[in-house]
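Peer 1: Here's a structure for you.
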Amino acid sequence: MEYISLGNSGLKVSKLCLGTWHLAPSKERDQFGVLKVDEELTKKIVQRAVDLGINFFDTANIYHGTMQGVDPAHAGNSERILGESLEGYDRESLVIATKVLGRVAEHANGAGLSRKHVNWQIKESLKRLKTSYIDVYQMHRPDPSTPIEETLETFSDLVRQGLVNYVGESYFDPVDIADMVQISASIHLPFISMQEPYNLIERGIETEKFWLAKKYGLGIMAYIPLAQGVLTGKYENGIPPMSRAEYVSEIGRRYLTPQTLEAVKELGEMAREKGVSSSQLSLAWILKQSEINGITIVPIIGATKVEHLEDNVGALDVKLSSDDMKRLDEISKKAVVNWKDEFTKARHRSYG
Ligand SMILES: NC(=O)c1ccc[n+]([C@@H]2O[C@H](COP(=O)([O-])OP(=O)(O)OC[C@H]3O[C@@H](n4cnc5c(N)ncnc54)[C@H](OP(=O)(O)O)[C@@H]3O)[C@@H](O)[C@H]2O)c1
C-alpha cells in the first residue's frame, strides 16, 4: 500500500479509504423493517482492509449501514460497528474520519452545525468509535441556519481540546469552501479536505472543486467512486440478489439508463482487454486523474464482501496510458445519469 499526504497537510493516508455508508447487509430485518447489517462479515472486511494496508476509514454520525436517508432510530450504527471492528488495533496507526450535521434526534437541536449540536455529537461519535479523537471531522452538508463562523470556531475549540486533528467539508458550494478556507486560516484551524462525489460517469467536480483543491491545497475524498457499484458491471444482466440496487430504488432511477449500461458494457470490454476488472479500471482512472491534475484524490471505496475489497485494492497496480485515458473519457461521455443537483442552490452562508 502506498501512503500520501491528504492535500497540503502532513496527514498520511492510504491511497484508498474504506467507507461505511453501506456495510454488508444481512438477510434479517429489524423491528422497523430495515435490513440489519451483517456485523461479523463487516468486521472481517474492515480487518482485511487493515491487513491490506488501508489506514483510512470514513464514516458519519448518521450512517446506519444499509439505509440511505437514515432516521434517528437508526443513526450511529456504522460508527458503532466500525469502532468495534477497529478495537484492538493501534489507534495511532489509523486515520478515522467522521461527519456531523444529519438529524439524530427530533428536537430543535437534533441536527445541524450549531455549537450545541456539534459539541454533543462529537462526544457521541467518540463513544461509538471507541476513540479519544477524530482525525478528520467533516461538515456533512451546509447548515444555512448556523453562521459558518460559529461552526468553524467550535471546530477550532475541538482541535484545541485534542478531540479533533483536522477538519473538512462535504458537498458545499465552491464559493462557501473558499470562504471557509480563509476563515479557517484566520483562526488557525487546519481545514484540509473536501469530500465530493466523483467517478467515471459523475464528473461535476472537475471544474471548480479541482481548482479549489489546487489553489488551497485541499485533499479530495472521492465518494461513490464506483457509482454505488454500477461501474463494477454487476447490473449488466439485471439486479443481482442482495446488491444495493435491490434495496435502494434510487440506484435504478439514477444509473440504470440504457446509455449508462452501454457505457458500463464498453468499460467491461476494455477491462477484459487489459486483464483487469471493471472496478479496478474505474478506480485506477480516479487515481490517474489525481496524478494528472496534481491534486490528492483518495477514492472512498465501499465493500459488502471481502472479495470486493481485494478486487478494488488491485486498482493500485493498474497502469493507464494517455490512450487508455482518452478511451475512458469517451466511454464516460456516453453515460446518462439521472440526478439533479438541487443542493448547490442552497448556499451555506448565513453570517450572524
Ligand atoms: N459525503 C457524502 O455525502 C457521502 C455520500 C455517499 C458516500 N460517501 C462515502 O463514500 C463511501 C463509498 O460510497 P459507496 O459505497 O457508494 O462507494 P462505491 O465504491 O461507489 O460503491 C460501493 C458498492 O459497490 C459494490 N462493489 C464494490 N466493489 C465491488 C466489486 N469489486 N465487485 C462487485 N461489487 C462491488 C458494493 O455494493 P453491493 O451492495 O451491490 O454489493 C459496494 O457496497 C461511503 O461508504 C461513504 O463513506 C459519502
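So you can find residues: chains in the C-alpha cells are A, B, ... in the order shown, residues in each start at 1, and ligands are numbered from 1 in order.
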Counting only C-alpha atoms and all ligand atoms, which residues of chain A sit at most 6 Å from some atom of ligand 1, and what is each one's closest atom pair with its distance in Å to one decimal, listed by chain and rising residue number, as a Markdown table?

Peer 2:
```
| residue | atom | partner | partner_atom_place_in_ligand_line | distance |
| --- | --- | --- | --- | --- |
| A:Gly19 | CA | ligand 1 | 45 (O) | 3.2 |
| A:Thr20 | CA | ligand 1 | 45 (O) | 3.9 |
| A:Trp21 | CA | ligand 1 | 45 (O) | 3.7 |
| A:His22 | CA | ligand 1 | 15 (O) | 5.5 |
| A:Asp58 | CA | ligand 1 | 47 (O) | 4.7 |
| A:Thr59 | CA | ligand 1 | 47 (O) | 5.1 |
| A:His140 | CA | ligand 1 | 1 (N) | 5.9 |
| A:Ser170 | CA | ligand 1 | 1 (N) | 5.1 |
| A:Gln195 | CA | ligand 1 | 1 (N) | 5.5 |
| A:Tyr223 | CA | ligand 1 | 10 (O) | 3.8 |
| A:Ile224 | CA | ligand 1 | 20 (O) | 3.3 |
| A:Pro225 | CA | ligand 1 | 20 (O) | 4.2 |
| A:Leu226 | CA | ligand 1 | 20 (O) | 3.3 |
| A:Ala227 | CA | ligand 1 | 20 (O) | 4.1 |
| A:Gln228 | CA | ligand 1 | 20 (O) | 3.4 |
| A:Gly229 | CA | ligand 1 | 24 (O) | 3.1 |
| A:Thr232 | CA | ligand 1 | 33 (C) | 5.3 |
| A:Ser243 | CA | ligand 1 | 40 (O) | 3.4 |
| A:Arg244 | CA | ligand 1 | 39 (O) | 3.9 |
| A:Ser279 | CA | ligand 1 | 31 (N) | 5.5 |
| A:Ile300 | CA | ligand 1 | 11 (C) | 4.8 |
| A:Ile301 | CA | ligand 1 | 19 (O) | 4.1 |
| A:Gly302 | CA | ligand 1 | 15 (O) | 3.7 |
| A:Ala303 | CA | ligand 1 | 42 (C) | 4.2 |
| A:Thr304 | CA | ligand 1 | 41 (O) | 4.9 |
| A:His308 | CA | ligand 1 | 31 (N) | 3.7 |
| A:Asp311 | CA | ligand 1 | 31 (N) | 5.0 |
| A:Asn312 | CA | ligand 1 | 31 (N) | 5.3 |
```

Peer 1: Only C-alpha atoms, please: the residues just picked out, written as a PDB file, in the first residue's frame.

Peer 2:
```pdb
ATOM      1  CA  GLY A  19     -16.223   3.918   3.666  1.00  0.00           C
ATOM      2  CA  THR A  20     -19.045   2.754   5.923  1.00  0.00           C
ATOM      3  CA  TRP A  21     -22.194   4.318   4.446  1.00  0.00           C
ATOM      4  CA  HIS A  22     -23.212   0.867   3.278  1.00  0.00           C
ATOM      5  CA  ASP A  58     -14.632   7.225   6.609  1.00  0.00           C
ATOM      6  CA  THR A  59     -17.939   7.244   8.439  1.00  0.00           C
ATOM      7  CA  HIS A 140     -21.581  16.590   6.191  1.00  0.00           C
ATOM      8  CA  SER A 170     -18.601  17.608   2.203  1.00  0.00           C
ATOM      9  CA  GLN A 195     -15.477  15.115   0.311  1.00  0.00           C
ATOM     10  CA  TYR A 223     -17.166   9.274  -2.635  1.00  0.00           C
ATOM     11  CA  ILE A 224     -19.260   6.804  -4.679  1.00  0.00           C
ATOM     12  CA  PRO A 225     -16.124   6.072  -6.779  1.00  0.00           C
ATOM     13  CA  LEU A 226     -17.831   3.082  -8.435  1.00  0.00           C
ATOM     14  CA  ALA A 227     -21.166   4.900  -8.865  1.00  0.00           C
ATOM     15  CA  GLN A 228     -22.515   2.818  -5.980  1.00  0.00           C
ATOM     16  CA  GLY A 229     -21.427  -0.411  -7.635  1.00  0.00           C
ATOM     17  CA  THR A 232     -18.336  -2.880 -11.458  1.00  0.00           C
ATOM     18  CA  SER A 243     -26.912  -5.986  -4.367  1.00  0.00           C
ATOM     19  CA  ARG A 244     -27.515  -2.355  -3.408  1.00  0.00           C
ATOM     20  CA  SER A 279     -13.829  -1.872 -10.706  1.00  0.00           C
ATOM     21  CA  ILE A 300     -13.528   6.132  -0.597  1.00  0.00           C
ATOM     22  CA  ILE A 301     -14.433   2.601  -1.556  1.00  0.00           C
ATOM     23  CA  GLY A 302     -17.386   0.623  -0.251  1.00  0.00           C
ATOM     24  CA  ALA A 303     -17.435  -3.165   0.045  1.00  0.00           C
ATOM     25  CA  THR A 304     -20.039  -5.695   1.153  1.00  0.00           C
ATOM     26  CA  HIS A 308     -14.797  -6.635  -3.305  1.00  0.00           C
ATOM     27  CA  ASP A 311     -10.542  -6.730  -6.130  1.00  0.00           C
ATOM     28  CA  ASN A 312     -10.601  -2.964  -5.558  1.00  0.00           C
TER      29      ASN A 312
END
```

Peer 1: Could you pull out the strand (DSSP E or B) residues of region 136-338 of chain A, going by DSSP on the backbone, and write them as a ChimeraX atom specification?

Peer 2: /A:136-139,164-170,191-197,199,202,219-223,297-301

Peer 1: For the selection you just gave me, I'd like the residues written to a file as a compact mmCIF listing (two decimals), in the first residue's frame, keeping N, CA and C atoms.

Peer 2:
```
# COMPACT_ATOMS: atom_id res chain seq x y z
N VAL A 136 -10.17 13.37 11.00
CA VAL A 136 -10.73 14.38 10.09
C VAL A 136 -12.22 14.52 10.41
N TYR A 137 -12.60 15.66 10.98
CA TYR A 137 -14.00 15.89 11.37
C TYR A 137 -14.63 16.78 10.28
N GLN A 138 -15.68 16.25 9.65
CA GLN A 138 -16.21 16.91 8.46
C GLN A 138 -17.65 17.42 8.66
N MET A 139 -17.92 18.56 8.03
CA MET A 139 -19.29 19.06 7.96
C MET A 139 -19.96 18.26 6.84
N VAL A 164 -10.04 16.60 17.97
CA VAL A 164 -10.04 16.56 16.50
C VAL A 164 -8.68 17.03 16.02
N ASN A 165 -8.17 16.37 14.96
CA ASN A 165 -6.89 16.81 14.41
C ASN A 165 -7.04 17.79 13.24
N TYR A 166 -7.92 17.42 12.29
CA TYR A 166 -8.10 18.24 11.08
C TYR A 166 -9.60 18.32 10.80
N VAL A 167 -10.00 19.29 9.97
CA VAL A 167 -11.42 19.36 9.60
C VAL A 167 -11.58 19.46 8.09
N GLY A 168 -12.79 19.16 7.65
CA GLY A 168 -13.07 19.21 6.22
C GLY A 168 -14.55 19.41 5.98
N GLU A 169 -14.90 19.49 4.71
CA GLU A 169 -16.32 19.69 4.35
C GLU A 169 -16.76 18.57 3.43
N SER A 170 -18.07 18.49 3.23
CA SER A 170 -18.60 17.61 2.20
C SER A 170 -19.71 18.32 1.44
N PHE A 191 -8.02 23.21 8.05
CA PHE A 191 -9.11 22.80 7.15
C PHE A 191 -8.45 22.16 5.93
N ILE A 192 -8.57 20.84 5.78
CA ILE A 192 -7.70 20.17 4.80
C ILE A 192 -8.40 19.40 3.69
N SER A 193 -9.72 19.19 3.81
CA SER A 193 -10.29 18.27 2.80
C SER A 193 -11.69 18.63 2.34
N MET A 194 -11.97 18.14 1.13
CA MET A 194 -13.33 18.21 0.57
C MET A 194 -13.76 16.78 0.31
N GLN A 195 -14.98 16.46 0.65
CA GLN A 195 -15.48 15.11 0.31
C GLN A 195 -16.58 15.29 -0.72
N GLU A 196 -16.35 14.72 -1.91
CA GLU A 196 -17.23 15.03 -3.05
C GLU A 196 -17.51 13.77 -3.87
N PRO A 197 -18.69 13.74 -4.55
CA PRO A 197 -18.98 12.59 -5.41
C PRO A 197 -18.09 12.65 -6.66
N ASN A 199 -16.70 9.94 -9.91
CA ASN A 199 -16.42 8.66 -10.57
C ASN A 199 -16.46 8.88 -12.07
N GLU A 202 -19.67 10.48 -13.17
CA GLU A 202 -20.18 11.66 -12.44
C GLU A 202 -18.98 12.56 -12.14
N GLY A 219 -7.23 18.22 0.09
CA GLY A 219 -7.33 16.86 -0.43
C GLY A 219 -8.78 16.57 -0.78
N ILE A 220 -8.99 15.79 -1.84
CA ILE A 220 -10.36 15.38 -2.19
C ILE A 220 -10.57 13.94 -1.79
N MET A 221 -11.60 13.71 -0.98
CA MET A 221 -12.02 12.34 -0.68
C MET A 221 -13.19 12.06 -1.62
N ALA A 222 -12.95 11.16 -2.59
CA ALA A 222 -13.94 10.94 -3.66
C ALA A 222 -14.94 9.86 -3.24
N TYR A 223 -16.18 10.29 -3.02
CA TYR A 223 -17.17 9.27 -2.64
C TYR A 223 -17.93 8.74 -3.84
N ILE A 297 -6.48 12.92 -4.70
CA ILE A 297 -7.86 12.40 -4.74
C ILE A 297 -7.80 10.99 -4.18
N VAL A 298 -8.47 10.79 -3.07
CA VAL A 298 -8.49 9.46 -2.45
C VAL A 298 -9.88 8.86 -2.62
N PRO A 299 -10.02 7.81 -3.42
CA PRO A 299 -11.35 7.18 -3.54
C PRO A 299 -11.76 6.54 -2.21
N ILE A 300 -12.99 6.81 -1.79
CA ILE A 300 -13.53 6.13 -0.60
C ILE A 300 -14.33 4.95 -1.12
N ILE A 301 -13.76 3.77 -0.99
CA ILE A 301 -14.43 2.60 -1.56
C ILE A 301 -15.42 2.00 -0.55
```

Peer 1: Name all residues at most 8 Å from Leu52 (chain A) (count only C-alpha atoms; drop same-chain ones fewer than 3 positions away) and give them as number ranges by chain.

Peer 2: A: 1, 48-49, 313

Peer 1: Find the spatial neighbours of Glu2 (chain A), counting only C-alpha atoms, within a cut-off of 12 Å - ignore same-chain residues fewer than 3 positions away - and output them as an mmCIF file with C-alpha atoms, in the first residue's frame.

Peer 2:
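Generated file (result21.cif):
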```cif
data_model
loop_
_atom_site.group_PDB
_atom_site.id
_atom_site.type_symbol
_atom_site.label_atom_id
_atom_site.label_comp_id
_atom_site.auth_asym_id
_atom_site.auth_seq_id
_atom_site.Cartn_x
_atom_site.Cartn_y
_atom_site.Cartn_z
ATOM 1 C CA SER A 5 -0.447 13.321 2.245
ATOM 2 C CA LYS A 12 -0.521 10.379 5.639
ATOM 3 C CA VAL A 13 -3.374 8.268 4.341
ATOM 4 C CA SER A 14 -3.540 5.121 2.251
ATOM 5 C CA LYS A 15 -4.323 5.750 -1.417
ATOM 6 C CA LEU A 16 -7.721 4.145 -0.818
ATOM 7 C CA CYS A 17 -10.070 4.881 2.068
ATOM 8 C CA LEU A 52 -4.077 -4.837 3.058
ATOM 9 C CA GLY A 53 -2.555 -1.623 4.406
ATOM 10 C CA ILE A 54 -5.638 0.618 4.365
ATOM 11 C CA ASN A 55 -5.262 3.010 7.304
ATOM 12 C CA PHE A 56 -8.010 5.455 6.309
ATOM 13 C CA LEU A 287 -6.036 7.699 -9.213
ATOM 14 C CA VAL A 298 -8.487 9.457 -2.445
ATOM 15 C CA VAL A 313 -7.185 -2.778 -3.913
ATOM 16 C CA LEU A 316 -3.343 0.369 -7.277
ATOM 17 C CA ASP A 317 -1.347 -1.819 -9.696
#
```

Peer 1: Between CA of Gly294 (chain A) and CA of Asp329 (chain A), what is the distance in Å, rounded to a tenth?

Peer 2: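 Distance reported for this atom pair: 18.3 Å.
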
Peer 1: Which of these, A:Leu328, A:Ile205, A:Leu261, A:Val336, has the shortest distance to Pro174 (chain A) once you count only C-alpha atoms?

Peer 2: A:Ile205

Peer 1: Could you work out how far CA of Leu189 (chain A) lies from CA of Asp157 (chain A), giving the answer in Å with one decimal?

Peer 2: 9.1 Å

Peer 1: So which residues of region 17-254 of chain A fall under alpha helix (DSSP H) by DSSP, listed as a PyMOL selection string?

Peer 2: chain A and resi 39-51+77-86+115-129+148-160+174-186+208-216+244-247+250-254

Peer 1: So that I can check the surroundings of Lys288 (chain A), please list as a PDB file with N, CA and C atoms, in the first residue's frame every protein, DNA and RNA residue that reaches within 9 Å of it, counting only C-alpha atoms and ignoring chain neighbours fewer than 3 positions away.

Peer 2:
```
ATOM      1  N   LEU A 283     -11.389   2.646 -10.679  1.00  0.00           N
ATOM      2  CA  LEU A 283     -10.660   3.272  -9.566  1.00  0.00           C
ATOM      3  C   LEU A 283      -9.290   3.776 -10.039  1.00  0.00           C
ATOM      4  N   ALA A 284      -8.659   3.001 -10.932  1.00  0.00           N
ATOM      5  CA  ALA A 284      -7.354   3.415 -11.458  1.00  0.00           C
ATOM      6  C   ALA A 284      -7.503   4.735 -12.227  1.00  0.00           C
ATOM      7  N   TRP A 285      -8.655   4.909 -12.900  1.00  0.00           N
ATOM      8  CA  TRP A 285      -8.915   6.165 -13.621  1.00  0.00           C
ATOM      9  C   TRP A 285      -8.934   7.346 -12.644  1.00  0.00           C
ATOM     10  N   GLU A 291      -3.153  12.132 -10.318  1.00  0.00           N
ATOM     11  CA  GLU A 291      -1.772  12.359 -10.785  1.00  0.00           C
ATOM     12  C   GLU A 291      -1.722  13.455 -11.862  1.00  0.00           C
ATOM     13  N   ILE A 292      -2.609  13.326 -12.856  1.00  0.00           N
ATOM     14  CA  ILE A 292      -2.594  14.272 -13.977  1.00  0.00           C
ATOM     15  C   ILE A 292      -2.876  15.700 -13.505  1.00  0.00           C
ATOM     16  N   ASN A 293      -3.798  15.842 -12.577  1.00  0.00           N
ATOM     17  CA  ASN A 293      -4.212  17.175 -12.137  1.00  0.00           C
ATOM     18  C   ASN A 293      -3.386  17.735 -10.981  1.00  0.00           C
ATOM     19  N   LYS A 319      -1.872   0.264 -14.563  1.00  0.00           N
ATOM     20  CA  LYS A 319      -1.216   1.415 -15.205  1.00  0.00           C
ATOM     21  C   LYS A 319      -2.075   1.858 -16.386  1.00  0.00           C
ATOM     22  N   LEU A 320      -2.308   3.152 -16.498  1.00  0.00           N
ATOM     23  CA  LEU A 320      -3.124   3.658 -17.605  1.00  0.00           C
ATOM     24  C   LEU A 320      -2.308   4.612 -18.473  1.00  0.00           C
ATOM     25  N   MET A 325      -6.636   6.677 -21.158  1.00  0.00           N
ATOM     26  CA  MET A 325      -7.418   7.762 -20.544  1.00  0.00           C
ATOM     27  C   MET A 325      -8.373   8.372 -21.568  1.00  0.00           C
TER      28      MET A 325
END
```

Peer 1: What's around Thr260 (chain A) at 12 Å? Count only C-alpha atoms, leave out sequence neighbours fewer than 4 positions away in its own chain, and write the answer as a list in words.

Peer 2: Leu200, Ile201, Glu202, Ala227, Val230, Leu231, Gly233, Tyr235, Glu236, Ile251, Gly252, Arg253, Arg254, Tyr255, Leu256, Val264, Lys265, Glu266, Leu267, Ile331, Ser332, Lys333, Lys334, Ala335, Val336, Val337 and Asn338 of chain A
